[in-house]
Amino acid sequence: MDVLVLNRNFFAIQITTWRRALRLVYMDRASVVDEEYKTYSFGDWCEISRYIKAHPGGFVKTPALRIAIPEVIALKFYDRVPFRDVKFTRRNIYEHYNYKCCYCGKKLPPTQLNLDHVVPRSRGGRTDWKNVVTSCISCNLKKGSFLLEEAGMKLKIKPNRPAVNPCLSLILKSPAKVKSSWQKFIDSVYWNIELEKE
């Protein structure tokens, strides 16, 4: 059972296990959050759990208690949103450019795309986010080892570094199934993430 973790500003930052979530609540480092944004301490949540007949997350049973497994918790002392660089991998590059050729703009399956150095390596071009783009095979062959001006080509999609919150990526691409109780917090991440400036 997976639990969505929010920072103290109710911004989704990661997914954790139910064991770790309950441990954080028990140690008073986090509170359980319900669908109305109400928060509960461990003692309050144990008390409320006594009256919950059925719970989507299920229950943990001890000889003395039956505790509903929370679906969302909020950390009490952490207010940052961890941003990290997106790894420079073929898959991330393809996804960043939405499987489109940056020269002609066609959307293609991965088997019909490859990577192209805008400034060719033979001309000192670097292998990084600012110089590598996705290209269809015909545009790649046409450009070859020429500069754009020499090949008479233009970029429809300019090369840039993705400005993705890895927490959002983690949540959206996680094997964990996104629960309806998480949706409002995930939507908040999507709409409030700072976009990369051009």
# chains A, B, ... in the order shown; residues from 1 in each chain; ligands from 1
>>> residues_around(residues="Asp128 in chain A", least_positions_apart="2", cutoff="12 Å", atoms="only C-alpha atoms", output="ChimeraX atom specification")
/A:86-90,93,115-121,125-126,130-133,159-162
>>> residues_around(residues="His55 in chain A", least_positions_apart="5", cutoff="12 Å", atoms="only C-alpha atoms", output="PyMOL selection string")
chain A and resi 34+48-50+60+66-71+181
>>> write_last_selection(atoms="C-alpha atoms", output="mmCIF file, in the first residue's frame")
data_model
loop_
_atom_site.group_PDB
_atom_site.id
_atom_site.type_symbol
_atom_site.label_atom_id
_atom_site.label_comp_id
_atom_site.auth_asym_id
_atom_site.auth_seq_id
_atom_site.Cartn_x
_atom_site.Cartn_y
_atom_site.Cartn_z
ATOM 1 C CA ASP A 34 -8.143 13.537 4.776
ATOM 2 C CA ILE A 48 -11.083 7.920 14.185
ATOM 3 C CA SER A 49 -9.972 4.519 12.861
ATOM 4 C CA ARG A 50 -12.153 2.843 15.498
ATOM 5 C CA VAL A 60 -3.225 -2.448 10.306
ATOM 6 C CA ARG A 66 -7.043 -1.311 14.359
ATOM 7 C CA ILE A 67 -5.572 1.639 12.433
ATOM 8 C CA ALA A 68 -6.718 2.735 8.984
ATOM 9 C CA ILE A 69 -3.770 3.039 6.621
ATOM 10 C CA PRO A 70 -3.658 6.687 5.544
ATOM 11 C CA GLU A 71 -3.639 7.496 1.853
ATOM 12 C CA SER A 181 -7.598 10.833 -2.901
#
>>> select_by_dssp(residues="range 47-102 of chain A", states="helix (DSSP H, G or I)", output="list in words")
Glu47, Ile48, Ser49, Arg90, Arg91, Asn92, Ile93, Tyr94, Glu95 and His96 of chain A
>>> write_last_selection(atoms="C-alpha atoms", output="compact mmCIF listing (two decimals), in the first residue's frame")
# COMPACT_ATOMS: atom_id res chain seq x y z
CA GLU A 47 -9.45 7.18 17.56
CA ILE A 48 -11.08 7.92 14.18
CA SER A 49 -9.97 4.52 12.86
CA ARG A 90 17.54 8.60 -24.54
CA ARG A 91 14.10 7.90 -23.04
CA ASN A 92 13.99 11.25 -21.22
CA ILE A 93 15.09 13.10 -24.36
CA TYR A 94 12.36 11.39 -26.44
CA GLU A 95 9.75 12.16 -23.79
CA HIS A 96 10.95 15.76 -23.39
>>> atom_distance(atom1="CA of Tyr37 in chain A", atom2="CA of Lys61 in chain A")
25.3 Å
>>> atom_distance(atom1="CA of Leu65 in chain A", atom2="CA of Ala30 in chain A")
19.6 Å
>>> residues_around(residues="Ser31 in chain A", least_positions_apart="4", cutoff="6 Å", atoms="only C-alpha atoms", output="JSON, numbers by chain")
{"A": [25, 39, 40, 41, 73, 74]}
>>> write_last_selection(atoms="N, CA and C atoms", output="mmCIF file, in the first residue's frame")
data_model
loop_
_atom_site.group_PDB
_atom_site.id
_atom_site.type_symbol
_atom_site.label_atom_id
_atom_site.label_comp_id
_atom_site.auth_asym_id
_atom_site.auth_seq_id
_atom_site.Cartn_x
_atom_site.Cartn_y
_atom_site.Cartn_z
ATOM 1 N N VAL A 25 3.950 9.476 11.210
ATOM 2 C CA VAL A 25 2.817 10.019 11.974
ATOM 3 C C VAL A 25 2.982 9.689 13.453
ATOM 4 N N THR A 39 -6.181 17.619 9.167
ATOM 5 C CA THR A 39 -5.016 16.826 9.572
ATOM 6 C C THR A 39 -5.270 16.178 10.926
ATOM 7 N N TYR A 40 -4.632 15.020 11.125
ATOM 8 C CA TYR A 40 -4.835 14.246 12.349
ATOM 9 C C TYR A 40 -3.495 13.754 12.890
ATOM 10 N N SER A 41 -3.342 13.875 14.193
ATOM 11 C CA SER A 41 -2.172 13.300 14.864
ATOM 12 C C SER A 41 -2.359 11.790 14.940
ATOM 13 N N ILE A 73 -0.292 11.775 3.730
ATOM 14 C CA ILE A 73 0.236 12.384 4.953
ATOM 15 C C ILE A 73 0.944 13.679 4.580
ATOM 16 N N ALA A 74 1.055 14.582 5.541
ATOM 17 C CA ALA A 74 1.783 15.845 5.336
ATOM 18 C C ALA A 74 2.881 15.949 6.381
#
>>> select_by_dssp(residues="range 43-114 of chain A", states="strand (DSSP E or B)", output="PDB file with C-alpha atoms, in the first residue's frame")
ATOM      1  CA  PHE A  59      -6.183  -1.505   8.154  1.00  0.00           C
ATOM      2  CA  VAL A  60      -3.225  -2.448  10.306  1.00  0.00           C
ATOM      3  CA  LYS A  61      -4.261  -4.594  13.240  1.00  0.00           C
ATOM      4  CA  ARG A  66      -7.043  -1.311  14.359  1.00  0.00           C
ATOM      5  CA  ILE A  67      -5.572   1.639  12.433  1.00  0.00           C
ATOM      6  CA  ALA A  68      -6.718   2.735   8.984  1.00  0.00           C
ATOM      7  CA  VAL A  72      -2.057  10.952   2.278  1.00  0.00           C
ATOM      8  CA  ILE A  73       0.236  12.384   4.953  1.00  0.00           C
ATOM      9  CA  ALA A  74       1.783  15.845   5.336  1.00  0.00           C
ATOM     10  CA  LEU A  75       5.203  16.391   6.833  1.00  0.00           C
ATOM     11  CA  LYS A 100       8.594  14.692 -32.317  1.00  0.00           C
ATOM     12  CA  LYS A 107       5.381  12.915 -34.122  1.00  0.00           C
ATOM     13  CA  LEU A 113      13.502   8.732 -34.316  1.00  0.00           C
ATOM     14  CA  ASN A 114      17.103   9.189 -33.377  1.00  0.00           C
TER      15      ASN A 114
END
>>> atom_distance(atom1="CA of Gly105 in chain A", atom2="CA of Glu149 in chain A")
18.1 Å
